[in-house]
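With PDB, C-alpha atoms inside, this is start-v6.pdb:
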```pdb
ATOM      1  CA  MET A 221       8.224   0.701  11.041
ATOM      2  CA  LYS A 222       4.804  -0.913  11.281
ATOM      3  CA  LYS A 223       4.437  -4.032  13.382
ATOM      4  CA  ILE A 224       2.041  -6.575  11.894
ATOM      5  CA  LYS A 225       0.709  -9.226  14.245
ATOM      6  CA  ILE A 226      -0.429 -12.496  12.695
ATOM      7  CA  ASN A 227      -2.210 -15.317  14.483
ATOM      8  CA  THR A 228      -1.089 -18.048  12.103
ATOM      9  CA  GLU A 229       2.251 -19.719  11.374
ATOM     10  CA  PHE A 230       2.786 -17.579   8.256
ATOM     11  CA  ILE A 231       1.202 -15.041   5.899
ATOM     12  CA  LYS A 232       1.795 -14.915   2.152
ATOM     13  CA  LEU A 233       3.527 -11.853   0.746
ATOM     14  CA  ASP A 234       0.624 -10.671  -1.417
ATOM     15  CA  GLN A 235      -1.771 -10.982   1.531
ATOM     16  CA  LEU A 236       0.599  -9.049   3.773
ATOM     17  CA  LEU A 237       0.879  -6.175   1.305
ATOM     18  CA  LYS A 238      -2.899  -5.752   1.433
ATOM     19  CA  PHE A 239      -3.162  -6.348   5.203
ATOM     20  CA  ALA A 240      -0.482  -3.716   5.906
ATOM     21  CA  ASP A 241      -2.245  -1.236   3.562
ATOM     22  CA  PHE A 242       0.795  -1.015   1.277
ATOM     23  CA  VAL A 243      -1.496  -1.749  -1.704
ATOM     24  CA  GLN A 244      -5.268  -1.645  -2.191
ATOM     25  CA  THR A 245      -5.942  -4.799  -4.219
ATOM     26  CA  GLY A 246      -4.597  -8.270  -4.833
ATOM     27  CA  GLY A 247      -3.939  -7.346  -8.451
ATOM     28  CA  GLU A 248      -1.824  -4.405  -7.381
ATOM     29  CA  ALA A 249       0.088  -6.669  -4.958
ATOM     30  CA  LYS A 250       0.734  -9.167  -7.771
ATOM     31  CA  ASN A 251       2.045  -6.414 -10.055
ATOM     32  CA  VAL A 252       4.425  -4.744  -7.581
ATOM     33  CA  VAL A 253       5.863  -8.116  -6.543
ATOM     34  CA  ALA A 254       6.302  -9.214 -10.186
ATOM     35  CA  GLN A 255       8.086  -5.933 -10.963
ATOM     36  CA  GLY A 256      10.616  -6.585  -8.186
ATOM     37  CA  LEU A 257       9.538  -3.570  -6.124
ATOM     38  CA  VAL A 258       9.199  -5.448  -2.815
ATOM     39  CA  LEU A 259      12.058  -6.319  -0.464
ATOM     40  CA  VAL A 260      11.853  -9.167   2.034
ATOM     41  CA  ASN A 261      14.671  -9.122   4.589
ATOM     42  CA  ASP A 262      16.594  -6.662   2.334
ATOM     43  CA  ASN A 263      16.341  -8.929  -0.736
ATOM     44  CA  ILE A 264      14.149  -8.375  -3.796
ATOM     45  CA  CYS A 265      11.328 -10.914  -3.779
ATOM     46  CA  THR A 266       9.290 -11.767  -6.884
ATOM     47  CA  MET A 267       7.322 -14.656  -5.331
ATOM     48  CA  ARG A 268       3.925 -13.307  -4.321
ATOM     49  CA  GLY A 269       3.136 -16.531  -2.455
ATOM     50  CA  LYS A 270       6.305 -16.361  -0.344
ATOM     51  CA  LYS A 271       5.527 -17.432   3.210
ATOM     52  CA  LEU A 272       6.453 -14.777   5.752
ATOM     53  CA  ARG A 273       6.965 -15.654   9.387
ATOM     54  CA  SER A 274       7.621 -13.826  12.633
ATOM     55  CA  GLY A 275      10.692 -11.599  12.363
ATOM     56  CA  ASP A 276      10.530 -11.112   8.588
ATOM     57  CA  ILE A 277      10.789  -7.500   7.388
ATOM     58  CA  VAL A 278       8.966  -6.322   4.264
ATOM     59  CA  GLU A 279       9.677  -3.028   2.506
ATOM     60  CA  PHE A 280       7.750  -1.382  -0.320
ATOM     61  CA  ASP A 281       7.651   2.194  -1.582
ATOM     62  CA  GLY A 282       9.526   3.598   1.429
ATOM     63  CA  GLN A 283       7.306   1.771   3.921
ATOM     64  CA  LYS A 284       8.506  -1.027   6.173
ATOM     65  CA  CYS A 285       6.797  -3.559   8.380
ATOM     66  CA  VAL A 286       7.919  -6.407  10.588
ATOM     67  CA  ILE A 287       5.928  -9.570  11.242
ATOM     68  CA  ASN A 288       5.202 -10.300  14.911
TER      69      ASN A 288
END
```

Conversion result in structure tokens:
Amino acid sequence: MKKIKINTEFIKLDQLLKFADFVQTGGEAKNVVAQGLVLVNDNICTMRGKKLRSGDIVEFDGQKCVIN
């Protein structure tokens, strides 16, 4: 599992998907989230602007990362 360190209070889901190299573009991030392909803390998340904080776990396409 990748560990993603952020220096702010939160990061939005679509930004995290790009930052973690799970997707290449913002448009791709928007599409995979809208299709329900992304899990946040083991729950399907369709809100691309969802605020993720330290300890949250994101999973997409067999890849996982945790926010530090």

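The interatomic distance for the pair CA of Lys271 (chain A) and CA of Gln244 (chain A) works out to 19.9 Å.
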
Contacts of Asn288 (chain A) at 9 Å (only C-alpha atoms; same-chain gap of 4+ positions) as number ranges by chain: A: 223-227, 273-276

Counting all atoms listed in the file, which residue out of A:Arg268, A:Met221, A:Val278, A:Thr228 sits closest to Gly246 (chain A)?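 The answer is A:Arg268, which sits nearest to Gly246 (chain A).
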
Interatomic distance, CA of Cys285 (chain A) to CA of Lys232 (chain A) (Å, one decimal):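 So the answer is 13.9 Å.
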
Tell me, in Å to one decimal, how far CA of Asn263 (chain A) is from CA of Val243 (chain A).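 If I compute the distance from CA of Asn263 (chain A) to CA of Val243 (chain A), I get 19.3 Å.
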
Leaving out Thr266 (chain A) and any residue of its chain fewer than 5 positions from it, which residues lie within 6 Å of it when counting only C-alpha atoms, given as number ranges by chain? A: 253-254, 256

Write a file of the selected residues as a JSON list (two decimals), keeping the file's coordinate frame, keeping C-alpha atoms.
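The result, stored in result33.json:
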```json
[["chain", "number", "residue", "atom", "x", "y", "z"],
["A", 253, "VAL", "CA", 5.86, -8.12, -6.54],
["A", 254, "ALA", "CA", 6.30, -9.21, -10.19],
["A", 256, "GLY", "CA", 10.62, -6.58, -8.19]]
```

Residues returned when the PyMOL selection byres ((chain A and resi 257) around 12) runs on this file, as a compact mmCIF listing (two decimals) with C-alpha atoms, in the coordinates of the input:
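This is the output file expr-v8.txt:
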```txt
# COMPACT_ATOMS: atom_id res chain seq x y z
CA LEU A 237 0.88 -6.18 1.30
CA PHE A 242 0.80 -1.01 1.28
CA GLU A 248 -1.82 -4.40 -7.38
CA ALA A 249 0.09 -6.67 -4.96
CA LYS A 250 0.73 -9.17 -7.77
CA ASN A 251 2.04 -6.41 -10.06
CA VAL A 252 4.42 -4.74 -7.58
CA VAL A 253 5.86 -8.12 -6.54
CA ALA A 254 6.30 -9.21 -10.19
CA GLN A 255 8.09 -5.93 -10.96
CA GLY A 256 10.62 -6.58 -8.19
CA VAL A 258 9.20 -5.45 -2.82
CA LEU A 259 12.06 -6.32 -0.46
CA VAL A 260 11.85 -9.17 2.03
CA ASP A 262 16.59 -6.66 2.33
CA ASN A 263 16.34 -8.93 -0.74
CA ILE A 264 14.15 -8.38 -3.80
CA CYS A 265 11.33 -10.91 -3.78
CA THR A 266 9.29 -11.77 -6.88
CA MET A 267 7.32 -14.66 -5.33
CA ARG A 268 3.92 -13.31 -4.32
CA VAL A 278 8.97 -6.32 4.26
CA GLU A 279 9.68 -3.03 2.51
CA PHE A 280 7.75 -1.38 -0.32
CA ASP A 281 7.65 2.19 -1.58
CA GLY A 282 9.53 3.60 1.43
CA GLN A 283 7.31 1.77 3.92
```

Box time for region 243-260 of chain A: axis-aligned, enclosing all its listed atoms, 5 Å extra on each side; report centre and edge lengths in Å to one decimal, as AutoDock Vina command-line options.
```
--center_x 3.1 --center_y -5.4 --center_z -4.5 --size_x 28.0 --size_y 17.6 --size_z 23.0
```
